[in-house]
>>> print(open('model-v4.pdb').read())   # PDB, C-alpha atoms
MODEL        1
ATOM      1  CA  MET G   1      84.114 -21.467 -36.952
ATOM      2  CA  THR G   2      81.058 -23.553 -37.667
ATOM      3  CA  SER G   3      81.092 -27.309 -37.700
ATOM      4  CA  ASP G   4      80.184 -29.318 -40.793
ATOM      5  CA  PRO G   5      76.473 -30.099 -40.965
ATOM      6  CA  SER G   6      75.411 -33.588 -40.021
ATOM      7  CA  PRO G   7      73.883 -35.903 -42.675
ATOM      8  CA  THR G   8      70.469 -35.165 -41.183
ATOM      9  CA  ASP G   9      71.032 -31.416 -41.425
ATOM     10  CA  ARG G  10      72.150 -31.745 -45.050
ATOM     11  CA  ARG G  11      69.046 -33.785 -45.900
ATOM     12  CA  LEU G  12      66.762 -31.210 -44.304
ATOM     13  CA  ARG G  13      68.413 -28.383 -46.214
ATOM     14  CA  ARG G  14      67.662 -29.990 -49.551
ATOM     15  CA  SER G  15      64.255 -31.435 -48.651
ATOM     16  CA  ILE G  16      60.968 -30.359 -50.156
ATOM     17  CA  SER G  17      58.417 -29.470 -47.492
ATOM     18  CA  VAL G  18      54.751 -30.355 -47.822
ATOM     19  CA  VAL G  19      52.186 -28.673 -45.554
ATOM     20  CA  ILE G  20      48.703 -30.179 -45.324
ATOM     21  CA  ALA G  21      45.944 -28.397 -43.397
ATOM     22  CA  ALA G  22      43.492 -31.165 -42.500
ATOM     23  CA  HIS G  23      40.048 -30.774 -40.933
ATOM     24  CA  ASN G  24      38.252 -34.113 -40.435
ATOM     25  CA  GLU G  25      40.208 -35.829 -43.204
ATOM     26  CA  ALA G  26      40.641 -39.264 -41.588
ATOM     27  CA  ALA G  27      39.023 -40.986 -44.587
ATOM     28  CA  VAL G  28      41.519 -39.592 -47.116
ATOM     29  CA  ILE G  29      44.667 -38.434 -45.287
ATOM     30  CA  GLY G  30      46.210 -41.919 -45.207
ATOM     31  CA  ARG G  31      46.014 -42.317 -48.977
ATOM     32  CA  CYS G  32      47.421 -38.825 -49.433
ATOM     33  CA  LEU G  33      50.399 -39.452 -47.143
ATOM     34  CA  ASP G  34      51.213 -42.945 -48.385
ATOM     35  CA  GLY G  35      51.958 -41.588 -51.838
ATOM     36  CA  LEU G  36      54.215 -38.843 -50.504
ATOM     37  CA  LEU G  37      56.430 -40.737 -48.062
ATOM     38  CA  ALA G  38      60.071 -40.418 -49.152
ATOM     39  CA  PRO G  39      63.375 -39.496 -47.450
ATOM     40  CA  ASP G  40      63.692 -36.203 -49.327
ATOM     41  CA  ILE G  41      60.157 -34.969 -48.586
ATOM     42  CA  ASP G  42      59.391 -33.294 -45.270
ATOM     43  CA  ILE G  43      55.684 -33.635 -44.444
ATOM     44  CA  THR G  44      53.661 -31.679 -41.903
ATOM     45  CA  VAL G  45      49.992 -32.371 -41.251
ATOM     46  CA  VAL G  46      48.123 -29.760 -39.232
ATOM     47  CA  ALA G  47      44.968 -31.356 -37.865
ATOM     48  CA  ASN G  48      42.723 -28.442 -36.975
ATOM     49  CA  GLY G  49      39.422 -28.654 -35.122
ATOM     50  CA  CYS G  50      39.076 -32.351 -35.920
ATOM     51  CA  SER G  51      36.411 -34.561 -34.376
ATOM     52  CA  ASP G  52      37.721 -37.681 -36.119
ATOM     53  CA  ASP G  53      41.027 -39.594 -36.196
ATOM     54  CA  THR G  54      42.864 -37.350 -38.656
ATOM     55  CA  ALA G  55      45.793 -36.735 -36.307
ATOM     56  CA  ALA G  56      46.122 -40.408 -35.350
ATOM     57  CA  VAL G  57      46.000 -41.603 -38.959
ATOM     58  CA  ALA G  58      48.685 -39.077 -39.942
ATOM     59  CA  ALA G  59      50.866 -39.867 -36.926
ATOM     60  CA  ALA G  60      50.861 -43.558 -37.875
ATOM     61  CA  ARG G  61      52.911 -42.693 -40.978
ATOM     62  CA  PRO G  62      56.670 -42.779 -40.291
ATOM     63  CA  GLY G  63      58.402 -39.422 -40.430
ATOM     64  CA  VAL G  64      55.209 -37.357 -40.716
ATOM     65  CA  ARG G  65      55.149 -34.361 -38.379
ATOM     66  CA  VAL G  66      51.703 -33.783 -36.877
ATOM     67  CA  VAL G  67      50.498 -30.536 -35.318
ATOM     68  CA  ASP G  68      47.175 -31.010 -33.554
ATOM     69  CA  ARG G  69      45.262 -27.764 -33.102
ATOM     70  CA  PRO G  70      41.890 -27.744 -31.339
ATOM     71  CA  GLU G  71      40.787 -24.649 -33.266
ATOM     72  CA  PRO G  72      39.424 -25.072 -36.802
ATOM     73  CA  GLY G  73      40.601 -22.761 -39.550
ATOM     74  CA  LYS G  74      42.674 -23.376 -42.663
ATOM     75  CA  SER G  75      44.677 -20.141 -42.677
ATOM     76  CA  ALA G  76      45.834 -20.611 -39.084
ATOM     77  CA  ALA G  77      46.602 -24.259 -39.840
ATOM     78  CA  LEU G  78      48.748 -23.317 -42.829
ATOM     79  CA  ASN G  79      50.628 -20.802 -40.693
ATOM     80  CA  ALA G  80      51.189 -23.435 -37.997
ATOM     81  CA  GLY G  81      52.539 -25.813 -40.623
ATOM     82  CA  ASP G  82      54.816 -23.131 -42.062
ATOM     83  CA  ALA G  83      56.236 -22.497 -38.610
ATOM     84  CA  VAL G  84      57.638 -26.034 -38.348
ATOM     85  CA  ALA G  85      58.302 -26.993 -41.980
ATOM     86  CA  VAL G  86      62.027 -27.147 -42.738
ATOM     87  CA  GLY G  87      62.572 -27.113 -46.480
ATOM     88  CA  PHE G  88      62.063 -25.410 -49.814
ATOM     89  CA  PRO G  89      60.405 -25.462 -52.182
ATOM     90  CA  ARG G  90      57.259 -25.419 -50.049
ATOM     91  CA  VAL G  91      54.093 -27.262 -51.089
ATOM     92  CA  TYR G  92      50.608 -26.479 -49.785
ATOM     93  CA  LEU G  93      48.495 -29.546 -50.469
ATOM     94  CA  ASP G  94      44.866 -30.451 -49.814
ATOM     95  CA  ALA G  95      44.364 -33.812 -48.132
ATOM     96  CA  ASP G  96      42.056 -35.106 -50.873
ATOM     97  CA  ILE G  97      44.553 -34.590 -53.715
ATOM     98  CA  PRO G  98      46.462 -37.874 -54.166
ATOM     99  CA  LEU G  99      49.901 -36.918 -55.457
ATOM    100  CA  THR G 100      53.054 -39.017 -55.243
ATOM    101  CA  ALA G 101      56.608 -38.240 -54.205
ATOM    102  CA  ALA G 102      57.535 -38.404 -57.899
ATOM    103  CA  ASP G 103      54.862 -35.762 -58.625
ATOM    104  CA  ILE G 104      56.301 -33.472 -55.960
ATOM    105  CA  ARG G 105      59.806 -33.889 -57.378
ATOM    106  CA  ALA G 106      58.509 -33.177 -60.889
ATOM    107  CA  LEU G 107      56.898 -29.967 -59.645
ATOM    108  CA  ALA G 108      60.151 -28.973 -57.955
ATOM    109  CA  ALA G 109      62.135 -29.679 -61.122
ATOM    110  CA  PHE G 110      59.711 -27.603 -63.183
ATOM    111  CA  LEU G 111      59.895 -24.739 -60.670
ATOM    112  CA  SER G 112      63.695 -24.707 -60.487
ATOM    113  CA  SER G 113      64.295 -25.114 -64.229
ATOM    114  CA  THR G 114      61.946 -22.393 -65.466
ATOM    115  CA  PRO G 115      63.542 -18.912 -65.422
ATOM    116  CA  GLY G 116      61.608 -16.371 -63.359
ATOM    117  CA  LEU G 117      59.167 -18.927 -61.978
ATOM    118  CA  LEU G 118      58.291 -18.520 -58.286
ATOM    119  CA  ALA G 119      55.135 -20.639 -58.016
ATOM    120  CA  ALA G 120      54.052 -23.849 -59.713
ATOM    121  CA  THR G 121      51.012 -26.076 -59.742
ATOM    122  CA  ALA G 122      49.706 -29.216 -61.394
ATOM    123  CA  HIS G 123      47.465 -29.594 -64.406
ATOM    124  CA  ARG G 124      43.842 -29.826 -63.292
ATOM    125  CA  THR G 125      41.425 -32.565 -64.246
ATOM    126  CA  LEU G 126      37.923 -33.065 -62.849
ATOM    127  CA  ASP G 127      36.665 -36.500 -61.826
ATOM    128  CA  THR G 128      32.977 -36.653 -62.779
ATOM    129  CA  ARG G 129      32.485 -40.418 -62.788
ATOM    130  CA  LYS G 130      29.035 -41.483 -61.515
ATOM    131  CA  ARG G 131      28.113 -37.878 -60.755
ATOM    132  CA  PRO G 132      24.628 -36.373 -61.232
ATOM    133  CA  LEU G 133      23.822 -34.761 -64.557
ATOM    134  CA  LEU G 134      24.013 -31.204 -63.211
ATOM    135  CA  VAL G 135      27.411 -31.823 -61.615
ATOM    136  CA  ARG G 136      28.718 -33.166 -64.925
ATOM    137  CA  ALA G 137      27.169 -30.229 -66.798
ATOM    138  CA  HIS G 138      28.877 -27.721 -64.506
ATOM    139  CA  SER G 139      32.208 -29.524 -64.853
ATOM    140  CA  ALA G 140      31.940 -29.571 -68.655
ATOM    141  CA  ILE G 141      31.997 -25.755 -68.616
ATOM    142  CA  ASN G 142      34.169 -25.134 -65.568
ATOM    143  CA  GLY G 143      36.843 -27.545 -66.746
ATOM    144  CA  ARG G 144      37.323 -25.514 -69.939
ATOM    145  CA  LEU G 145      37.451 -22.010 -68.449
ATOM    146  CA  PRO G 146      40.627 -20.209 -69.532
ATOM    147  CA  ALA G 147      40.890 -18.549 -66.109
ATOM    148  CA  TYR G 148      42.422 -21.773 -64.828
ATOM    149  CA  ARG G 149      45.296 -21.721 -67.306
ATOM    150  CA  ASP G 150      48.504 -21.067 -65.362
ATOM    151  CA  ALA G 151      46.464 -20.059 -62.305
ATOM    152  CA  LEU G 152      47.290 -21.488 -58.886
ATOM    153  CA  TYR G 153      43.746 -22.080 -57.688
ATOM    154  CA  GLY G 154      41.376 -24.984 -58.218
ATOM    155  CA  ARG G 155      43.972 -27.758 -57.977
ATOM    156  CA  GLY G 156      44.500 -28.216 -54.258
ATOM    157  CA  VAL G 157      48.278 -27.980 -54.695
ATOM    158  CA  VAL G 158      50.611 -24.978 -54.866
ATOM    159  CA  MET G 159      54.417 -25.081 -54.719
ATOM    160  CA  LEU G 160      56.428 -21.963 -53.872
ATOM    161  CA  SER G 161      60.148 -21.359 -54.093
ATOM    162  CA  ALA G 162      61.866 -19.693 -51.141
ATOM    163  CA  ALA G 163      61.693 -16.392 -53.028
ATOM    164  CA  GLY G 164      58.023 -16.972 -53.761
ATOM    165  CA  ARG G 165      57.252 -17.691 -50.115
ATOM    166  CA  ALA G 166      59.005 -14.444 -49.207
ATOM    167  CA  ARG G 167      56.252 -12.552 -51.034
ATOM    168  CA  PHE G 168      54.074 -12.656 -47.916
ATOM    169  CA  ASP G 169      54.432 -12.928 -44.153
ATOM    170  CA  THR G 170      51.595 -15.203 -43.023
ATOM    171  CA  PHE G 171      48.373 -16.456 -44.559
ATOM    172  CA  PRO G 172      45.577 -13.957 -43.869
ATOM    173  CA  GLU G 173      42.218 -15.074 -42.529
ATOM    174  CA  VAL G 174      40.628 -15.842 -45.869
ATOM    175  CA  VAL G 175      38.562 -18.688 -47.284
ATOM    176  CA  ALA G 176      40.223 -18.692 -50.724
ATOM    177  CA  ASP G 177      43.855 -19.301 -49.732
ATOM    178  CA  ASP G 178      44.760 -20.528 -53.236
ATOM    179  CA  LEU G 179      43.299 -17.380 -54.833
ATOM    180  CA  PHE G 180      45.298 -15.327 -52.317
ATOM    181  CA  LEU G 181      48.484 -17.061 -53.437
ATOM    182  CA  ASP G 182      47.546 -16.642 -57.082
ATOM    183  CA  GLY G 183      47.197 -12.887 -56.617
ATOM    184  CA  LEU G 184      50.781 -12.565 -55.369
ATOM    185  CA  PHE G 185      52.354 -13.529 -58.685
ATOM    186  CA  GLY G 186      52.201 -12.059 -62.134
ATOM    187  CA  PRO G 187      52.490 -13.664 -65.583
ATOM    188  CA  GLY G 188      55.771 -15.507 -65.919
ATOM    189  CA  GLU G 189      56.044 -15.966 -62.153
ATOM    190  CA  LYS G 190      53.456 -18.770 -61.906
ATOM    191  CA  ALA G 191      52.613 -21.677 -64.172
ATOM    192  CA  GLU G 192      51.215 -25.188 -64.302
ATOM    193  CA  THR G 193      53.075 -28.194 -65.616
ATOM    194  CA  PRO G 194      51.349 -30.922 -67.636
ATOM    195  CA  ALA G 195      53.845 -33.386 -66.158
ATOM    196  CA  VAL G 196      51.830 -33.476 -62.913
ATOM    197  CA  VAL G 197      48.069 -33.983 -62.831
ATOM    198  CA  ALA G 198      45.874 -33.098 -59.856
ATOM    199  CA  VAL G 199      42.656 -35.106 -59.968
ATOM    200  CA  VAL G 200      39.973 -32.977 -58.321
ATOM    201  CA  GLU G 201      36.940 -34.932 -57.176
ATOM    202  CA  THR G 202      33.690 -33.200 -58.044
ATOM    203  CA  PRO G 203      30.860 -33.375 -55.487
ATOM    204  CA  ARG G 204      28.759 -36.514 -55.533
ATOM    205  CA  ARG G 205      25.512 -34.597 -54.974
ATOM    206  CA  THR G 206      24.202 -31.470 -56.651
ATOM    207  CA  SER G 207      23.421 -29.862 -53.294
ATOM    208  CA  ASP G 208      27.045 -30.354 -52.235
ATOM    209  CA  LEU G 209      28.207 -28.652 -55.424
ATOM    210  CA  VAL G 210      26.001 -25.639 -54.693
ATOM    211  CA  ARG G 211      27.465 -25.380 -51.190
ATOM    212  CA  ARG G 212      31.012 -25.674 -52.558
ATOM    213  CA  LEU G 213      30.352 -23.000 -55.172
ATOM    214  CA  ALA G 214      28.827 -20.718 -52.525
ATOM    215  CA  ARG G 215      31.977 -21.020 -50.388
ATOM    216  CA  VAL G 216      34.175 -20.299 -53.390
ATOM    217  CA  ARG G 217      32.121 -17.281 -54.463
ATOM    218  CA  ALA G 218      32.091 -15.801 -50.958
ATOM    219  CA  GLY G 219      35.821 -16.321 -50.483
ATOM    220  CA  ASN G 220      36.698 -14.943 -53.888
ATOM    221  CA  ALA G 221      34.443 -11.922 -53.426
ATOM    222  CA  ALA G 222      36.101 -11.069 -50.108
ATOM    223  CA  LEU G 223      39.575 -11.152 -51.647
ATOM    224  CA  ARG G 224      38.536  -9.145 -54.683
ATOM    225  CA  ALA G 225      36.887  -6.531 -52.464
ATOM    226  CA  ALA G 226      40.230  -6.160 -50.692
ATOM    227  CA  GLY G 227      42.032  -5.802 -54.019
ATOM    228  CA  ALA G 228      43.977  -9.018 -53.413
ATOM    229  CA  ALA G 229      42.772 -10.962 -56.453
ATOM    230  CA  ARG G 230      42.200 -10.312 -60.120
ATOM    231  CA  PRO G 231      38.636  -9.459 -61.234
ATOM    232  CA  ALA G 232      36.351 -12.279 -62.273
ATOM    233  CA  ALA G 233      35.717 -12.814 -65.996
ATOM    234  CA  ARG G 234      31.936 -13.026 -65.711
ATOM    235  CA  SER G 235      31.112 -13.847 -69.335
ATOM    236  CA  SER G 236      34.061 -16.134 -70.020
ATOM    237  CA  TRP G 237      31.879 -19.249 -69.797
ATOM    238  CA  LEU G 238      29.907 -17.997 -72.801
ATOM    239  CA  ARG G 239      32.555 -16.178 -74.824
ATOM    240  CA  ASP G 240      35.463 -18.589 -74.378
ATOM    241  CA  VAL G 241      33.749 -21.923 -73.784
ATOM    242  CA  VAL G 242      30.239 -22.193 -75.222
ATOM    243  CA  LEU G 243      30.356 -20.008 -78.338
ATOM    244  CA  PRO G 244      33.382 -21.871 -79.759
ATOM    245  CA  ARG G 245      31.711 -25.180 -78.780
ATOM    246  CA  PRO G 246      27.956 -24.819 -79.371
ATOM    247  CA  TRP G 247      27.352 -28.472 -78.517
ATOM    248  CA  LEU G 248      27.989 -27.462 -74.885
ATOM    249  CA  LEU G 249      24.872 -25.259 -74.796
ATOM    250  CA  PRO G 250      22.772 -27.811 -72.825
ATOM    251  CA  ALA G 251      25.562 -28.070 -70.235
ATOM    252  CA  ALA G 252      25.731 -24.281 -70.098
ATOM    253  CA  VAL G 253      22.081 -24.114 -69.026
ATOM    254  CA  GLY G 254      22.906 -26.260 -66.003
ATOM    255  CA  TYR G 255      26.086 -24.280 -65.350
ATOM    256  CA  VAL G 256      24.228 -20.980 -65.242
ATOM    257  CA  ALA G 257      21.450 -22.395 -63.038
ATOM    258  CA  LEU G 258      23.976 -23.696 -60.494
ATOM    259  CA  THR G 259      25.931 -20.437 -60.576
ATOM    260  CA  VAL G 260      22.780 -18.443 -59.800
ATOM    261  CA  ALA G 261      21.827 -20.853 -56.993
ATOM    262  CA  ALA G 262      25.314 -20.592 -55.472
ATOM    263  CA  SER G 263      25.254 -16.802 -55.692
ATOM    264  CA  ARG G 264      21.965 -16.688 -53.805
ATOM    265  CA  ALA G 265      23.252 -19.159 -51.201
ATOM    266  CA  ALA G 266      26.396 -17.087 -50.663
ATOM    267  CA  ARG G 267      24.294 -13.963 -50.022
ATOM    268  CA  ARG G 268      21.806 -15.689 -47.696
ATOM    269  CA  SER G 269      24.257 -17.035 -45.133
ATOM    270  CA  GLN G 270      27.740 -16.569 -43.781
ATOM    271  CA  VAL G 271      30.056 -18.897 -45.655
ATOM    272  CA  GLY G 272      33.306 -20.058 -44.072
ATOM    273  CA  TRP G 273      36.075 -22.463 -44.904
ATOM    274  CA  GLY G 274      35.038 -26.078 -45.168
ATOM    275  CA  HIS G 275      35.155 -29.021 -47.505
ATOM    276  CA  ASP G 276      32.834 -31.249 -49.453
ATOM    277  CA  SER G 277      32.160 -34.264 -47.245
ATOM    278  CA  SER G 278      30.563 -36.180 -50.128
ATOM    279  CA  THR G 279      33.991 -36.787 -51.650
ATOM    280  CA  ARG G 280      35.532 -37.870 -48.342
ATOM    281  CA  THR G 281      34.686 -41.556 -48.256
ATOM    282  CA  SER G 282      36.612 -44.432 -46.757
ATOM    283  CA  VAL G 283      35.770 -46.820 -49.601
ATOM    284  CA  GLY G 284      39.048 -48.050 -51.032
ATOM    285  CA  VAL G 285      41.054 -45.577 -48.993
ATOM    286  CA  SER G 286      43.972 -46.681 -46.839
ATOM    287  CA  GLN G 287      44.010 -45.494 -43.259
TER     288      GLN G 287
ENDMDL
END
>>> encode(input="model-v4.pdb", output="structure tokens")
Amino acid sequence: MTSDPSPTDRRLRRSISVVIAAHNEAAVIGRCLDGLLAPDIDITVVANGCSDDTAAVAAARPGVRVVDRPEPGKSAALNAGDAVAVGFPRVYLDADIPLTAADIRALAAFLSSTPGLLAATAHRTLDTRKRPLLVRAHSAINGRLPAYRDALYGRGVVMLSAAGRARFDTFPEVVADDLFLDGLFGPGEKAETPAVVAVVETPRRTSDLVRRLARVRAGNAALRAAGAARPAARSSWLRDVVLPRPWLLPAAVGYVALTVAASRAARRSQVGWGHDSSTRTSVGVSQ
């Protein structure tokens, strides 16, 4: 005979778990965590290969579980977080995406109330305020690409049900972890909800955007070569975005130029997981 679960055990069974892989995120992790803190949300921060105070900032938040790994690497960090997280649904969240506990609950409600749904994400919006012209031009095209509709990538947040998480064992050593997750689910099994908005900060410098795009291209290419992601729609920017909106043609020129530059950068050097440091600033951010 088993004893009745304690109140703590019952809370853990119904809690939503959030896993955050954080590499040198001291400037933004506090803001991220402060919005999430709630009794029904289990939070794990995996500080990996950090040379700043990421672990200390996270540990200062009550109830946040911190795993401090000396080795950098997002996939290994996500696996370490999975190993200690206690609840479902399971959220994989980037440290620079400021969601609230209410957002997480809304995602969970959407996931549980939609028949057949195993994975959910937020609606994506790009923050281009005070960005260079080329960054804004790229975002004007990228933000309208149909490939992002009901996809799991590009938001910095993915929620999986227990059945969805059972689709794979551990995160493989890949750069594009969100594209990996996206490839596990077919139409009707994944969707975004407009009730939750993920504000994605665009790079503050054009050179940082090129580096970000190079990382994305290299990571996506590796997954597609392994047959773990859907093929890229190469001409979608023209067919689905610019031709129906000819006033976007000037922005398209910048978009193409940056895409070519990123493609060349991805071929010239080995590209690994990283983040855009230009959007990690401590101005106005709680630590």
>>> residues_around(input="model-v4.pdb", residues="region 110-126 of chain G", least_positions_apart="6", cutoff="9 Å", atoms="all atoms listed in the file", output="ChimeraX atom specification")
/G:89,103,139,143,148-165,181-182,185,188-202
>>> atom_distance(input="model-v4.pdb", atom1="CA of Phe88 (chain G)", atom2="CA of Arg61 (chain G)")
21.5 Å
>>> resolve_selection(input="model-v4.pdb", expression="the PyMOL selection byres ((chain G and resi 50-58) around 7)", output="JSON, numbers by chain")
{"G": [23, 24, 25, 26, 29, 30, 45, 47, 48, 49, 59, 60, 61, 64, 66, 68, 287]}
>>> resolve_selection(input="model-v4.pdb", expression="the PyMOL selection byres ((chain G and resi 257) around 12)", output="count of residues only")
22
>>> atom_distance(input="model-v4.pdb", atom1="CA of Ser75 (chain G)", atom2="CA of Glu173 (chain G)")
5.6 Å
>>> closest_atom_pairs(input="model-v4.pdb", of="region 9-58 of chain G", to="region 78-81 of chain G", cutoff="8 Å", atoms="all atoms listed in the file", output="CSV")
residue,atom,partner,partner_atom,distance
G:Val19,CA,G:Gly81,CA,5.7
G:Ile20,CA,G:Leu78,CA,7.3
G:Ala21,CA,G:Leu78,CA,5.8
G:Thr44,CA,G:Gly81,CA,6.1
G:Val45,CA,G:Gly81,CA,7.1
G:Val46,CA,G:Gly81,CA,6.1
>>> axis_aligned_box(input="model-v4.pdb", around="region 80-83 of chain G", padding_each_side="8 Å", output="AutoDock Vina command-line options")
--center_x 53.7 --center_y -24.2 --center_z -40.0 --size_x 21.0 --size_y 19.3 --size_z 20.1
>>> atom_distance(input="model-v4.pdb", atom1="CA of Pro98 (chain G)", atom2="CA of Pro172 (chain G)")
26.1 Å
>>> closest_residue(input="model-v4.pdb", among="G:Ala101, G:Ala22, G:Val86, G:Ala95", to="Pro70 (chain G)", atoms="only C-alpha atoms")
G:Ala22
>>> residues_around(input="model-v4.pdb", residues="Arg211 (chain G)", least_positions_apart="3", cutoff="8 Å", atoms="all atoms listed in the file", output="ChimeraX atom specification")
/G:207-208,214-215,262,265
>>> closest_residue(input="model-v4.pdb", among="G:Ile16, G:Ala266, G:Ile141, G:Val216", to="Leu238 (chain G)", atoms="all atoms listed in the file")
G:Ile141
>>> closest_residue(input="model-v4.pdb", among="G:Gly87, G:Val28, G:Ile97, G:Phe171", to="Lys74 (chain G)", atoms="only C-alpha atoms")
G:Phe171
>>> build_atoms(input="model-v4.pdb", residues="region 111-125 of chain G", atoms="N, CA, C and O atoms", output="mmCIF file, keeping the file's coordinate frame")
data_model
loop_
_atom_site.group_PDB
_atom_site.id
_atom_site.type_symbol
_atom_site.label_atom_id
_atom_site.label_comp_id
_atom_site.auth_asym_id
_atom_site.auth_seq_id
_atom_site.Cartn_x
_atom_site.Cartn_y
_atom_site.Cartn_z
ATOM 1 N N LEU G 111 59.741 -26.040 -61.307
ATOM 2 C CA LEU G 111 59.895 -24.739 -60.670
ATOM 3 C C LEU G 111 61.335 -24.246 -60.771
ATOM 4 O O LEU G 111 61.583 -23.078 -61.105
ATOM 5 N N SER G 112 62.296 -25.126 -60.514
ATOM 6 C CA SER G 112 63.695 -24.707 -60.487
ATOM 7 C C SER G 112 64.288 -24.519 -61.887
ATOM 8 O O SER G 112 65.252 -23.776 -62.052
ATOM 9 N N SER G 113 63.710 -25.171 -62.882
ATOM 10 C CA SER G 113 64.295 -25.114 -64.229
ATOM 11 C C SER G 113 63.669 -24.054 -65.124
ATOM 12 O O SER G 113 64.141 -23.842 -66.247
ATOM 13 N N THR G 114 62.626 -23.400 -64.659
ATOM 14 C CA THR G 114 61.946 -22.393 -65.466
ATOM 15 C C THR G 114 62.362 -21.001 -65.016
ATOM 16 O O THR G 114 62.056 -20.598 -63.891
ATOM 17 N N PRO G 115 63.064 -20.241 -65.827
ATOM 18 C CA PRO G 115 63.542 -18.912 -65.422
ATOM 19 C C PRO G 115 62.398 -17.997 -64.992
ATOM 20 O O PRO G 115 61.368 -17.908 -65.662
ATOM 21 N N GLY G 116 62.581 -17.341 -63.855
ATOM 22 C CA GLY G 116 61.608 -16.371 -63.359
ATOM 23 C C GLY G 116 60.440 -16.957 -62.624
ATOM 24 O O GLY G 116 59.623 -16.215 -62.049
ATOM 25 N N LEU G 117 60.327 -18.292 -62.594
ATOM 26 C CA LEU G 117 59.167 -18.927 -61.978
ATOM 27 C C LEU G 117 59.329 -18.975 -60.460
ATOM 28 O O LEU G 117 60.361 -19.412 -59.952
ATOM 29 N N LEU G 118 58.293 -18.523 -59.747
ATOM 30 C CA LEU G 118 58.291 -18.520 -58.286
ATOM 31 C C LEU G 118 57.230 -19.441 -57.700
ATOM 32 O O LEU G 118 57.306 -19.798 -56.516
ATOM 33 N N ALA G 119 56.237 -19.809 -58.495
ATOM 34 C CA ALA G 119 55.135 -20.639 -58.016
ATOM 35 C C ALA G 119 54.719 -21.600 -59.123
ATOM 36 O O ALA G 119 54.660 -21.226 -60.295
ATOM 37 N N ALA G 120 54.431 -22.838 -58.731
ATOM 38 C CA ALA G 120 54.052 -23.849 -59.713
ATOM 39 C C ALA G 120 52.880 -24.664 -59.188
ATOM 40 O O ALA G 120 52.685 -24.797 -57.976
ATOM 41 N N THR G 121 52.126 -25.217 -60.113
ATOM 42 C CA THR G 121 51.012 -26.076 -59.742
ATOM 43 C C THR G 121 50.849 -27.166 -60.790
ATOM 44 O O THR G 121 51.542 -27.180 -61.817
ATOM 45 N N ALA G 122 49.945 -28.080 -60.507
ATOM 46 C CA ALA G 122 49.706 -29.216 -61.394
ATOM 47 C C ALA G 122 48.618 -28.885 -62.418
ATOM 48 O O ALA G 122 47.827 -27.955 -62.238
ATOM 49 N N HIS G 123 48.577 -29.673 -63.470
ATOM 50 C CA HIS G 123 47.465 -29.594 -64.406
ATOM 51 C C HIS G 123 46.211 -30.134 -63.709
ATOM 52 O O HIS G 123 46.279 -31.104 -62.964
ATOM 53 N N ARG G 124 45.088 -29.506 -63.981
ATOM 54 C CA ARG G 124 43.842 -29.826 -63.292
ATOM 55 C C ARG G 124 42.945 -30.687 -64.162
ATOM 56 O O ARG G 124 42.704 -30.385 -65.327
ATOM 57 N N THR G 125 42.441 -31.778 -63.571
ATOM 58 C CA THR G 125 41.425 -32.565 -64.246
ATOM 59 C C THR G 125 40.321 -32.884 -63.248
ATOM 60 O O THR G 125 40.579 -33.107 -62.058
#
